[in-house]
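Pasting data04.csv here (CSV, C-alpha atoms):
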```
chain,number,residue,atom,x,y,z
X,1010,MET,CA,-18.8,-30.6,51.4
X,1011,SER,CA,-20.4,-27.9,53.7
X,1012,ALA,CA,-20.4,-24.2,52.8
X,1013,ALA,CA,-18.0,-23.6,55.7
X,1014,THR,CA,-15.6,-26.1,54.4
X,1015,GLN,CA,-15.7,-24.6,50.9
X,1016,THR,CA,-14.8,-21.3,52.4
X,1017,ASN,CA,-11.8,-22.7,54.2
X,1018,PHE,CA,-10.5,-24.2,50.9
X,1019,ALA,CA,-10.9,-21.2,48.6
X,1020,VAL,CA,-9.3,-21.8,45.2
X,1021,GLN,CA,-6.2,-19.7,44.5
X,1022,THR,CA,-5.8,-18.7,40.9
X,1023,HIS,CA,-2.6,-17.6,39.1
X,1024,PRO,CA,-2.3,-15.9,35.7
X,1025,VAL,CA,-1.2,-18.4,33.1
X,1026,LYS,CA,1.9,-17.1,31.3
X,1027,ALA,CA,1.9,-17.6,27.6
X,1028,PRO,CA,5.0,-19.3,26.2
X,1029,ASP,CA,7.7,-17.0,25.0
X,1030,GLU,CA,7.3,-16.2,21.3
X,1031,GLU,CA,10.1,-17.6,19.2
X,1032,TYR,CA,12.7,-15.0,18.5
X,1033,PHE,CA,12.6,-13.4,15.1
X,1034,PHE,CA,14.3,-10.4,13.5
X,1035,GLU,CA,13.4,-8.9,10.1
X,1036,GLY,CA,16.6,-8.3,8.3
X,1037,ALA,CA,15.0,-6.9,5.1
X,1038,GLU,CA,15.3,-3.1,5.2
X,1039,LYS,CA,13.0,-0.2,4.4
X,1040,LEU,CA,15.0,2.2,2.2
X,1041,LEU,CA,14.2,5.9,1.8
X,1042,GLU,CA,16.2,8.2,-0.5
X,1043,LEU,CA,15.2,11.9,-0.7
X,1044,TRP,CA,16.7,14.5,-3.0
X,1045,PHE,CA,16.0,18.2,-2.0
X,1046,CYS,CA,16.1,21.5,-3.8
X,1047,SER,CA,15.1,25.0,-2.9
X,1048,SER,CA,12.5,27.5,-4.1
X,1049,ASN,CA,15.2,30.2,-3.5
X,1050,PRO,CA,18.5,28.7,-4.6
X,1051,ASP,CA,20.5,31.8,-3.6
X,1052,THR,CA,19.9,31.0,0.1
X,1053,ALA,CA,20.1,27.2,-0.1
X,1054,LYS,CA,22.8,25.5,2.1
X,1055,SER,CA,23.8,21.9,2.6
X,1056,LEU,CA,21.8,19.2,4.5
X,1057,ARG,CA,25.0,18.6,6.4
X,1058,CYS,CA,24.2,21.8,8.3
X,1059,ILE,CA,21.5,20.0,10.2
X,1060,PRO,CA,22.8,19.7,13.8
X,1061,ARG,CA,23.6,16.3,15.2
X,1062,GLU,CA,21.1,16.6,18.0
X,1063,GLU,CA,18.3,17.1,15.4
X,1064,ILE,CA,19.4,14.0,13.5
X,1065,ASP,CA,19.4,12.0,16.8
X,1066,ALA,CA,15.8,13.2,17.5
X,1067,MET,CA,14.7,12.3,13.9
X,1068,LEU,CA,16.1,8.8,14.3
X,1069,ASP,CA,14.3,8.5,17.7
X,1070,VAL,CA,11.1,8.9,15.7
X,1071,ALA,CA,12.2,6.1,13.4
X,1072,ARG,CA,13.2,4.0,16.5
X,1073,CYS,CA,16.9,3.6,15.8
X,1074,LYS,CA,20.1,5.4,17.0
X,1075,ILE,CA,23.6,6.3,15.8
X,1076,LEU,CA,26.4,3.9,16.9
X,1077,HIS,CA,29.2,5.8,15.2
X,1078,SER,CA,29.9,8.2,12.2
X,1079,LYS,CA,32.6,9.2,9.8
X,1080,THR,CA,32.7,12.1,7.3
X,1081,ASN,CA,34.6,13.5,4.3
X,1082,LYS,CA,34.2,16.7,2.3
X,1083,SER,CA,31.2,15.3,0.5
X,1084,ILE,CA,29.2,13.0,2.7
X,1085,ASP,CA,28.4,12.1,6.3
X,1086,SER,CA,28.1,8.4,7.1
X,1087,TYR,CA,26.3,7.0,10.1
X,1088,VAL,CA,26.2,3.3,11.2
X,1089,LEU,CA,22.9,2.8,13.0
X,1090,SER,CA,21.6,0.3,15.5
X,1091,GLU,CA,19.4,-0.7,12.6
X,1092,SER,CA,21.3,-0.2,9.4
X,1093,SER,CA,22.6,3.1,7.9
X,1094,LEU,CA,22.2,6.8,7.2
X,1095,PHE,CA,24.0,8.9,4.6
X,1096,VAL,CA,23.7,12.7,4.3
X,1097,SER,CA,25.2,14.7,1.5
X,1098,ASP,CA,24.6,18.3,0.3
X,1099,ASN,CA,21.1,17.6,-1.1
X,1100,ARG,CA,20.4,13.9,-0.6
X,1101,VAL,CA,19.5,11.8,2.4
X,1102,ILE,CA,19.6,8.0,2.4
X,1103,LEU,CA,18.0,6.3,5.4
X,1104,LYS,CA,17.9,2.5,5.5
X,1105,THR,CA,16.4,0.7,8.5
X,1106,CYS,CA,15.7,-2.9,9.4
X,1107,GLY,CA,13.8,-4.7,12.1
X,1108,THR,CA,10.5,-3.1,13.3
X,1109,THR,CA,11.6,0.5,12.8
X,1110,ARG,CA,9.2,3.2,11.8
X,1111,LEU,CA,11.2,4.7,8.9
X,1112,LEU,CA,8.4,6.6,7.2
X,1113,ALA,CA,7.3,8.2,10.4
X,1114,ALA,CA,10.6,10.2,10.2
X,1115,LEU,CA,9.7,11.6,6.7
X,1116,PRO,CA,8.0,14.8,7.8
X,1117,VAL,CA,10.7,15.4,10.4
X,1118,LEU,CA,13.4,15.1,7.7
X,1119,MET,CA,11.5,17.5,5.4
X,1120,ASN,CA,11.1,20.0,8.2
X,1121,LEU,CA,14.9,19.8,9.0
X,1122,ALA,CA,15.9,20.3,5.4
X,1123,GLY,CA,13.8,23.4,5.1
X,1124,SER,CA,14.7,24.9,8.5
X,1125,TYR,CA,18.5,24.3,8.5
X,1126,ALA,CA,19.4,24.1,4.8
X,1127,GLY,CA,16.8,26.2,3.1
X,1128,LEU,CA,15.9,23.2,1.0
X,1129,ASP,CA,12.2,23.5,1.2
X,1130,LEU,CA,11.2,21.3,-1.8
X,1131,VAL,CA,11.6,17.6,-2.2
X,1132,GLN,CA,12.8,17.0,-5.7
X,1133,SER,CA,12.8,13.2,-5.8
X,1134,VAL,CA,11.6,10.4,-3.6
X,1135,TYR,CA,12.5,6.7,-3.7
X,1136,TYR,CA,11.1,4.4,-1.1
X,1137,SER,CA,11.6,0.6,-1.5
X,1138,ARG,CA,11.7,-2.7,0.2
X,1139,LYS,CA,11.2,-6.4,-0.4
X,1140,ASN,CA,8.3,-8.3,1.0
X,1141,PHE,CA,8.7,-9.0,4.7
X,1142,LEU,CA,8.9,-12.5,6.2
X,1143,ARG,CA,6.7,-11.4,9.1
X,1144,PRO,CA,4.7,-8.3,8.2
X,1145,ASP,CA,2.4,-8.9,11.2
X,1146,LEU,CA,5.3,-7.9,13.5
X,1147,GLN,CA,5.8,-4.5,11.7
X,1148,PRO,CA,4.3,-1.2,12.9
X,1149,ASN,CA,0.8,-0.6,11.4
X,1150,LEU,CA,2.1,1.8,8.8
X,1151,HIS,CA,4.6,-0.8,7.4
X,1152,ARG,CA,2.4,-3.9,7.5
X,1153,ASN,CA,1.4,-3.6,3.8
X,1154,PHE,CA,2.5,-1.6,0.8
X,1155,ASP,CA,-0.9,-0.1,0.2
X,1156,ALA,CA,-0.7,1.6,3.6
X,1157,GLU,CA,2.8,2.9,2.8
X,1158,VAL,CA,1.6,4.3,-0.6
X,1159,GLU,CA,-1.4,6.0,1.0
X,1160,TYR,CA,0.9,7.6,3.6
X,1161,LEU,CA,3.4,8.8,1.0
X,1162,ASP,CA,0.7,10.1,-1.3
X,1163,SER,CA,-0.4,12.4,1.6
X,1164,PHE,CA,2.9,14.2,1.1
X,1165,PHE,CA,3.6,13.9,-2.6
X,1166,GLU,CA,1.1,14.5,-5.4
X,1167,ASP,CA,1.3,12.2,-8.4
X,1168,GLY,CA,3.7,9.7,-6.9
X,1169,HIS,CA,4.1,6.3,-8.6
X,1170,ALA,CA,3.9,2.8,-7.0
X,1171,TYR,CA,5.3,-0.4,-8.4
X,1172,CYS,CA,5.4,-4.1,-7.4
X,1173,LEU,CA,8.1,-6.0,-9.3
X,1174,GLY,CA,8.5,-9.8,-9.2
X,1175,SER,CA,6.0,-12.6,-8.7
X,1176,LEU,CA,3.3,-12.2,-6.1
X,1177,LYS,CA,3.9,-15.9,-5.2
X,1178,GLN,CA,7.6,-15.4,-4.5
X,1179,ASP,CA,9.9,-12.8,-3.2
X,1180,ARG,CA,9.0,-9.4,-4.6
X,1181,TRP,CA,10.1,-5.8,-4.4
X,1182,TYR,CA,8.0,-2.7,-3.8
X,1183,LEU,CA,8.9,0.8,-5.0
X,1184,TYR,CA,7.4,4.2,-4.6
X,1185,THR,CA,8.8,7.2,-6.6
X,1186,PHE,CA,8.0,10.9,-6.9
X,1187,HIS,CA,9.8,13.5,-9.0
X,1188,ARG,CA,9.4,17.2,-9.2
X,1189,ASP,CA,10.3,18.9,-12.5
X,1190,VAL,CA,13.2,21.3,-12.0
X,1191,GLU,CA,15.7,22.8,-14.4
X,1192,PHE,CA,18.7,20.5,-14.3
X,1193,PRO,CA,22.2,22.0,-14.7
X,1194,ALA,CA,23.9,21.7,-18.0
X,1195,ASN,CA,26.6,19.4,-16.4
X,1196,LYS,CA,24.2,16.7,-15.2
X,1197,GLN,CA,26.2,14.1,-13.3
X,1198,PRO,CA,26.0,10.3,-13.8
X,1199,ASP,CA,24.0,8.6,-11.1
X,1200,HIS,CA,23.2,4.9,-10.5
X,1201,THR,CA,22.5,2.6,-7.6
X,1202,LEU,CA,23.0,-1.1,-7.3
X,1203,GLU,CA,21.2,-3.0,-4.5
X,1204,ILE,CA,21.4,-6.7,-3.8
X,1205,LEU,CA,19.0,-8.3,-1.3
X,1206,MET,CA,20.0,-11.9,-0.3
X,1207,SER,CA,18.0,-14.5,1.6
X,1208,ASP,CA,18.9,-17.9,3.0
X,1209,LEU,CA,22.6,-17.5,3.2
X,1210,ASP,CA,25.0,-20.5,3.0
X,1211,GLU,CA,25.2,-22.1,6.5
X,1212,GLU,CA,29.0,-22.0,6.3
X,1213,VAL,CA,28.9,-18.2,5.9
X,1214,LEU,CA,26.6,-17.5,8.9
X,1215,PRO,CA,29.1,-18.1,11.8
X,1216,LYS,CA,31.5,-15.5,10.3
X,1217,PHE,CA,29.2,-12.7,11.4
X,1218,THR,CA,29.2,-13.7,15.1
X,1219,LYS,CA,31.3,-12.7,18.1
X,1220,ASP,CA,32.4,-16.4,18.3
X,1221,PHE,CA,34.2,-15.9,15.0
X,1222,ALA,CA,35.5,-12.3,15.0
X,1223,VAL,CA,36.5,-9.9,17.7
X,1224,ASP,CA,35.0,-6.7,16.3
X,1225,GLY,CA,33.8,-5.1,13.0
X,1226,LYS,CA,37.3,-4.6,11.7
X,1227,ASP,CA,38.2,-8.2,12.3
X,1228,CYS,CA,35.0,-9.4,10.7
X,1229,PHE,CA,35.6,-7.1,7.7
X,1230,MET,CA,38.8,-8.9,6.9
X,1231,ARG,CA,38.1,-12.5,8.0
X,1232,ALA,CA,34.6,-12.7,6.5
X,1233,GLY,CA,35.8,-11.4,3.1
X,1234,ILE,CA,34.1,-8.1,3.0
X,1235,ASP,CA,37.4,-6.5,2.1
X,1236,LYS,CA,37.3,-8.2,-1.3
X,1237,ILE,CA,34.0,-6.5,-2.1
X,1238,ILE,CA,34.7,-2.9,-1.3
X,1239,PRO,CA,37.0,-0.9,-3.7
X,1240,ALA,CA,40.5,-0.4,-2.5
X,1241,GLY,CA,41.1,2.9,-0.7
X,1242,ALA,CA,37.5,3.2,0.6
X,1243,ASP,CA,37.1,4.6,4.1
X,1244,VAL,CA,35.2,2.0,6.2
X,1245,HIS,CA,33.5,2.0,9.6
X,1246,ASP,CA,31.5,-1.0,10.8
X,1247,GLU,CA,29.9,-2.8,13.7
X,1248,LEU,CA,29.9,-6.5,14.8
X,1249,PHE,CA,26.9,-6.9,17.1
X,1250,ASP,CA,26.7,-9.1,20.1
X,1251,PRO,CA,26.1,-12.0,19.8
X,1252,CYS,CA,25.7,-11.7,16.0
X,1253,GLY,CA,24.9,-9.4,13.1
X,1254,TYR,CA,27.1,-7.0,11.1
X,1255,SER,CA,26.7,-3.5,9.6
X,1256,MET,CA,29.2,-1.6,7.5
X,1257,ASN,CA,29.4,1.8,5.8
X,1258,ALA,CA,32.1,2.9,3.4
X,1259,TYR,CA,32.7,6.0,1.2
X,1260,MET,CA,35.1,6.4,-1.7
X,1261,ASN,CA,37.9,8.9,-1.2
X,1262,ASP,CA,36.5,12.5,-1.2
X,1263,THR,CA,33.3,11.8,-3.1
X,1264,ASP,CA,29.7,11.1,-2.1
X,1265,GLN,CA,30.0,7.5,-3.5
X,1266,TYR,CA,29.2,5.0,-0.8
X,1267,ALA,CA,28.7,1.3,-0.1
X,1268,THR,CA,26.8,-0.3,2.8
X,1269,ILE,CA,26.4,-4.0,3.9
X,1270,HIS,CA,24.1,-5.4,6.6
X,1271,VAL,CA,23.9,-9.0,7.7
X,1272,THR,CA,21.4,-10.9,9.7
X,1273,PRO,CA,23.1,-14.3,10.2
X,1274,GLU,CA,20.5,-16.3,12.2
X,1275,LYS,CA,19.8,-19.5,10.2
X,1276,GLU,CA,16.0,-19.4,10.4
X,1277,PHE,CA,15.7,-15.9,8.8
X,1278,SER,CA,19.2,-15.2,7.4
X,1279,PHE,CA,19.5,-12.1,5.2
X,1280,ALA,CA,22.1,-9.8,3.8
X,1281,SER,CA,22.0,-6.6,1.8
X,1282,PHE,CA,24.5,-4.7,-0.3
X,1283,GLU,CA,24.0,-1.2,-1.8
X,1284,THR,CA,26.4,1.1,-3.6
X,1285,ASN,CA,26.6,4.0,-6.1
X,1286,GLN,CA,30.3,3.7,-6.7
X,1287,ASP,CA,31.8,3.9,-10.2
X,1288,LEU,CA,35.4,2.8,-9.5
X,1289,VAL,CA,34.9,-0.9,-10.5
X,1290,CYS,CA,32.5,-2.8,-12.7
X,1291,LEU,CA,29.2,-3.3,-10.9
X,1292,TYR,CA,28.6,-6.7,-12.5
X,1293,SER,CA,32.0,-7.9,-11.3
X,1294,GLN,CA,31.3,-6.4,-7.9
X,1295,THR,CA,27.9,-8.3,-7.8
X,1296,ARG,CA,29.7,-11.6,-8.3
X,1297,LYS,CA,32.1,-10.8,-5.5
X,1298,VAL,CA,29.2,-10.1,-3.2
X,1299,LEU,CA,27.5,-13.4,-4.1
X,1300,GLN,CA,30.8,-15.3,-3.6
X,1301,CYS,CA,31.0,-13.9,-0.1
X,1302,PHE,CA,27.5,-14.6,1.1
X,1303,ARG,CA,26.4,-17.5,-1.2
X,1304,PRO,CA,22.6,-16.9,-0.8
X,1305,LYS,CA,19.9,-19.2,-2.1
X,1306,LYS,CA,17.7,-16.3,-3.3
X,1307,ILE,CA,18.6,-12.9,-4.7
X,1308,LEU,CA,16.7,-9.7,-5.5
X,1309,LEU,CA,18.8,-7.4,-7.6
X,1310,THR,CA,18.1,-3.8,-8.8
X,1311,VAL,CA,20.1,-1.3,-10.8
X,1312,PHE,CA,18.9,2.3,-11.2
X,1313,ALA,CA,20.7,4.5,-13.8
X,1314,ASN,CA,20.2,7.9,-15.2
X,1315,ASP,CA,20.7,8.6,-18.9
X,1316,VAL,CA,24.3,9.8,-18.5
X,1317,SER,CA,25.5,6.9,-16.3
X,1318,VAL,CA,27.7,4.7,-18.5
X,1319,LYS,CA,28.5,2.3,-15.6
X,1320,GLY,CA,24.9,2.0,-14.6
X,1321,LYS,CA,23.7,1.3,-18.1
X,1322,ASP,CA,26.4,-1.3,-18.6
X,1323,ALA,CA,25.4,-3.1,-15.4
X,1324,GLN,CA,21.8,-3.0,-16.5
X,1325,GLN,CA,22.6,-4.5,-19.9
X,1326,GLN,CA,24.7,-7.2,-18.4
X,1327,LEU,CA,22.0,-8.1,-15.9
X,1328,TRP,CA,19.5,-8.2,-18.7
X,1329,ASP,CA,21.7,-10.3,-21.1
X,1330,ARG,CA,23.6,-12.6,-18.8
X,1331,GLU,CA,23.0,-15.1,-16.0
X,1332,LEU,CA,25.0,-15.0,-12.8
X,1333,PRO,CA,27.2,-18.1,-12.5
X,1334,GLY,CA,25.7,-20.6,-10.2
X,1335,TYR,CA,22.2,-19.0,-10.3
X,1336,ARG,CA,19.1,-19.4,-12.3
X,1337,ARG,CA,17.2,-16.2,-13.2
X,1338,THR,CA,13.5,-16.5,-12.6
X,1339,ASN,CA,12.4,-13.0,-13.4
X,1340,VAL,CA,13.8,-9.9,-15.0
X,1341,GLN,CA,11.9,-6.6,-15.6
X,1342,PHE,CA,12.7,-3.2,-17.1
X,1343,VAL,CA,11.0,0.0,-15.9
X,1344,ARG,CA,11.4,3.5,-17.3
X,1345,LEU,CA,10.9,5.9,-14.5
X,1346,GLU,CA,10.6,9.7,-14.5
X,1347,THR,CA,14.3,10.5,-14.7
X,1348,GLU,CA,16.1,7.1,-15.0
X,1349,THR,CA,15.7,3.5,-15.9
X,1350,LEU,CA,15.5,0.4,-13.6
X,1351,VAL,CA,16.3,-3.2,-14.1
X,1352,TYR,CA,15.0,-5.7,-11.6
X,1353,ALA,CA,15.9,-9.4,-11.4
X,1354,HIS,CA,15.3,-12.4,-9.2
X,1355,PHE,CA,17.6,-15.3,-9.0
X,1356,VAL,CA,17.7,-18.7,-7.2
X,1357,ARG,CA,20.8,-20.8,-6.6
X,1358,LYS,CA,21.2,-23.8,-8.9
X,1359,ALA,CA,21.4,-27.3,-7.5
X,1360,PRO,CA,25.1,-28.4,-7.3
X,1361,GLN,CA,24.8,-30.7,-10.3
X,1362,ASP,CA,23.5,-27.8,-12.4
X,1363,SER,CA,26.1,-25.3,-11.4
X,1364,SER,CA,29.0,-26.8,-13.3
X,1365,SER,CA,27.3,-25.8,-16.6
X,1366,SER,CA,27.7,-22.1,-15.7
X,1367,SER,CA,31.5,-22.3,-15.3
X,1368,ASP,CA,32.0,-21.3,-18.9
X,1369,GLU,CA,30.4,-18.0,-18.2
X,1370,ASP,CA,33.3,-17.0,-16.0
X,1371,ASP,CA,35.5,-16.7,-19.0
X,1372,GLY,CA,33.5,-13.8,-20.3
X,1373,GLU,CA,33.7,-11.6,-17.2
X,1374,ARG,CA,34.3,-8.0,-17.9
X,1375,SER,CA,36.8,-6.3,-15.7
X,1376,ASP,CA,36.2,-2.7,-16.7
```
I'd like the structure from this file rewritten - as structure tokens, please.
Amino acid sequence: MSAATQTNFAVQTHPVKAPDEEYFFEGAEKLLELWFCSSNPDTAKSLRCIPREEIDAMLDVARCKILHSKTNKSIDSYVLSESSLFVSDNRVILKTCGTTRLLAALPVLMNLAGSYAGLDLVQSVYYSRKNFLRPDLQPNLHRNFDAEVEYLDSFFEDGHAYCLGSLKQDRWYLYTFHRDVEFPANKQPDHTLEILMSDLDEEVLPKFTKDFAVDGKDCFMRAGIDKIIPAGADVHDELFDPCGYSMNAYMNDTDQYATIHVTPEKEFSFASFETNQDLVCLYSQTRKVLQCFRPKKILLTVFANDVSVKGKDAQQQLWDRELPGYRRTNVQFVRLETETLVYAHFVRKAPQDSSSSSDEDDGERSD
């Protein structure tokens, strides 16, 4: 072929488009709980004084937004595009899933607490999460726990970091910090139960889709969430399109809360439940949660301070007893700066093994 002919038939090239990456969503949340105090208690106000537009801007940094909110005399509750936010007088709980940048919002939160509430000191920090299914998809800061610890250490001197569970299975990471302050004589009971559930039963998954329920309220009743939350709780929730569910609840006029989040896609199904309520037995509530979601794998944690009777009772039951239908593979006890923690990992028994656990039902405590 002549040079002229080659010129007439110039090769046209087109960029080769890579195949679309298979969809994935990380249901496991990053959880940050901050307790604040003031170097000048006489001028301190409530964190609930922070204006809504400032909260919106803080959540922009974390890469999530408020869908709706409710409030009582003790707590402000926000359902987010990625999980939940609770604000009370001196405590903030921010829980975000997906690829959010939760810890990037930390310095913003600290600045807002000082500027609007006069709460210029962080009294306690709790940051926790389970291991991610796809850490490679997370922002750089959240791709490994060592990086998260290094970042938190840049704000808090003498923080503590823990990894609970087997390094070859699901595990749970925790960072804590506590500043010594003089506690009031009437120290209040405080505890937190968190249940992280993976590989939900396939019959459960469709209940958290738009094909099954019309909206959040419809899903709350038809999926059985109403059986988990104590009677009389004020609830607001969201059923996402086409699937996914988030719920916040608070108990009467207290700062006691509960929150549930569900990622119902079969390939990476996940659900979480968290509460600090003391109206019903936490062990009994745990069993109701498991009956609703029927997960194959569970990570369960209970924090309790030294005056929380309900929390200590739940810890003892978790330590002493199996959960019907599940085999406990790991249980650990940790004494932290101001409270104790029990961590446990469970896997669902094979059907032929579950019948042997039915006798445990007779011993359920209803207190």
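For the residues X:Leu1121, X:Cys1106, X:Leu1043, X:Cys1172, ranking by smallest atom-to-atom distance to Asp1065 (chain X) using all atoms listed in the file places X:Leu1121 first.
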Select, from X:Ala1037, X:Val1271, X:Leu1076, X:Leu1173, the residue with the minimum atom-to-atom distance to Leu1209 (chain X), counting all atoms listed in the file.
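Answer, going by the shortest atom-to-atom distance: X:Val1271.
Note that the spacing between CA of Asn1285 (chain X) and CA of Ser1317 (chain X) amounts to 10.7 Å.
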Can you tell me, as a PyMOL selection string, what residues are no more than 7 Å from Glu1042 (chain X) when counting all atoms listed in the file, ignoring any on the same chain fewer than 5 positions away?
chain X and resi 1101-1103+1134-1136
In terms of the shortest atom-to-atom distance over all atoms listed in the file, which of X:Glu1346, X:Glu1212, X:Glu1031, X:Asp1264 is closest to Gln1132 (chain X)?
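Smallest distance to Gln1132 (chain X) is found for X:Glu1346.
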Atom pair CA of Tyr1125 (chain X) / CA of Cys1058 (chain X): separation (Å)
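CA of Cys1058 (chain X) lies 6.2 Å from CA of Tyr1125 (chain X).
Considering the residues X:Lys1039, X:Lys1305, X:Pro1116, X:Ile1234 and counting only C-alpha atoms, Arg1152 (chain X) has its shortest atom-to-atom contact with X:Lys1039.
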All residues 7 Å or closer to region 1089-1091 of chain X, all atoms listed in the file, same chain fewer than 3 positions away omitted, as a ChimeraX atom specification:
/X:1073-1076,1105-1107
Could you please determine the separation between CA of Tyr1335 (chain X) and CA of Phe1141 (chain X) in Å, to one decimal place?
22.5 Å
Using all atoms listed in the file, can you tell me which of X:Met1256, X:Leu1214, X:Leu1202, X:Ala1359 comes closest to Tyr1292 (chain X)?
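Closest residue, counting all atoms listed in the file: X:Leu1202.
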Name the residues within 8 Å of (34.9, 5.4, 0.3), counting all atoms listed in the file in the file's coordinates, and put them as a ChimeraX atom specification.
/X:1239,1241-1244,1258-1263,1265-1267
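Considering only C-alpha atoms, the residue among X:Lys1275, X:Trp1181, X:Phe1229, X:Ile1238 positioned nearest to Val1340 (chain X) is X:Trp1181.
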Using all atoms listed in the file, which protein or nucleic acid residues come within 9 Å of Leu1056 (chain X)? Drop anything in the same chain fewer than 2 positions from it, and give the result as a PyMOL selection string.
chain X and resi 1045+1054+1058-1059+1096-1101+1121-1122+1125-1128
Residue list as an MDAnalysis selection string for point (8.5, 7.1, 8.0), cut-off 9 Å, all atoms listed in the file:
chainID X and resid 1041 1070:1071 1109:1117 1150:1151 1157 1160:1161
Name all residues at most 8 Å from Val1351 (chain X) (count only C-alpha atoms; drop same-chain ones fewer than 3 positions away) and give them as number ranges by chain.
X: 1310-1312, 1324, 1327-1328, 1340-1343
If you count only C-alpha atoms, which residues fall within 12 Å of Asp1224 (chain X), apart from same-chain ones fewer than 2 positions away, as a PyMOL selection string?
chain X and resi 1216-1222+1226-1232+1245-1256
Would you pull region 1228-1273 of chain X out of the block just shown and save C-alpha atoms as a compact mmCIF listing (two decimals), in the first residue's frame?
```
# COMPACT_ATOMS: atom_id res chain seq x y z
CA CYS X 1228 -42.23 -0.39 56.77
CA PHE X 1229 -41.99 0.20 60.54
CA MET X 1230 -45.18 -1.79 61.10
CA ARG X 1231 -45.02 -4.41 58.36
CA ALA X 1232 -41.35 -5.31 58.81
CA GLY X 1233 -41.77 -5.79 62.56
CA ILE X 1234 -39.69 -2.83 63.79
CA ASP X 1235 -42.63 -1.86 66.01
CA LYS X 1236 -41.99 -4.99 68.09
CA ILE X 1237 -38.42 -3.87 68.86
CA ILE X 1238 -38.96 -0.28 70.00
CA PRO X 1239 -40.48 0.30 73.48
CA ALA X 1240 -44.12 1.38 73.48
CA GLY X 1241 -44.67 5.12 73.55
CA ALA X 1242 -41.43 6.03 71.77
CA ASP X 1243 -41.54 8.91 69.29
CA VAL X 1244 -40.37 7.59 65.90
CA HIS X 1245 -39.37 9.10 62.58
CA ASP X 1246 -38.01 6.99 59.75
CA GLU X 1247 -37.22 6.82 56.05
CA LEU X 1248 -37.74 4.09 53.45
CA PHE X 1249 -35.34 4.77 50.61
CA ASP X 1250 -36.03 4.26 46.91
CA PRO X 1251 -35.63 1.55 45.74
CA CYS X 1252 -34.47 0.02 49.03
CA GLY X 1253 -32.92 0.73 52.42
CA TYR X 1254 -34.37 1.90 55.73
CA SER X 1255 -33.36 4.26 58.55
CA MET X 1256 -35.17 4.95 61.82
CA ASN X 1257 -34.63 7.14 64.86
CA ALA X 1258 -36.66 7.01 68.04
CA TYR X 1259 -36.52 8.71 71.42
CA MET X 1260 -38.24 7.74 74.63
CA ASN X 1261 -40.78 10.18 76.05
CA ASP X 1262 -39.10 13.36 77.32
CA THR X 1263 -35.66 11.83 77.91
CA ASP X 1264 -32.41 11.67 75.96
CA GLN X 1265 -32.82 7.91 75.57
CA TYR X 1266 -32.79 6.94 71.90
CA ALA X 1267 -32.83 4.00 69.50
CA THR X 1268 -31.71 3.87 65.90
CA ILE X 1269 -31.91 1.22 63.17
CA HIS X 1270 -30.34 1.18 59.70
CA VAL X 1271 -30.82 -1.49 57.05
CA THR X 1272 -28.91 -2.20 53.84
CA PRO X 1273 -31.05 -4.95 52.26
```
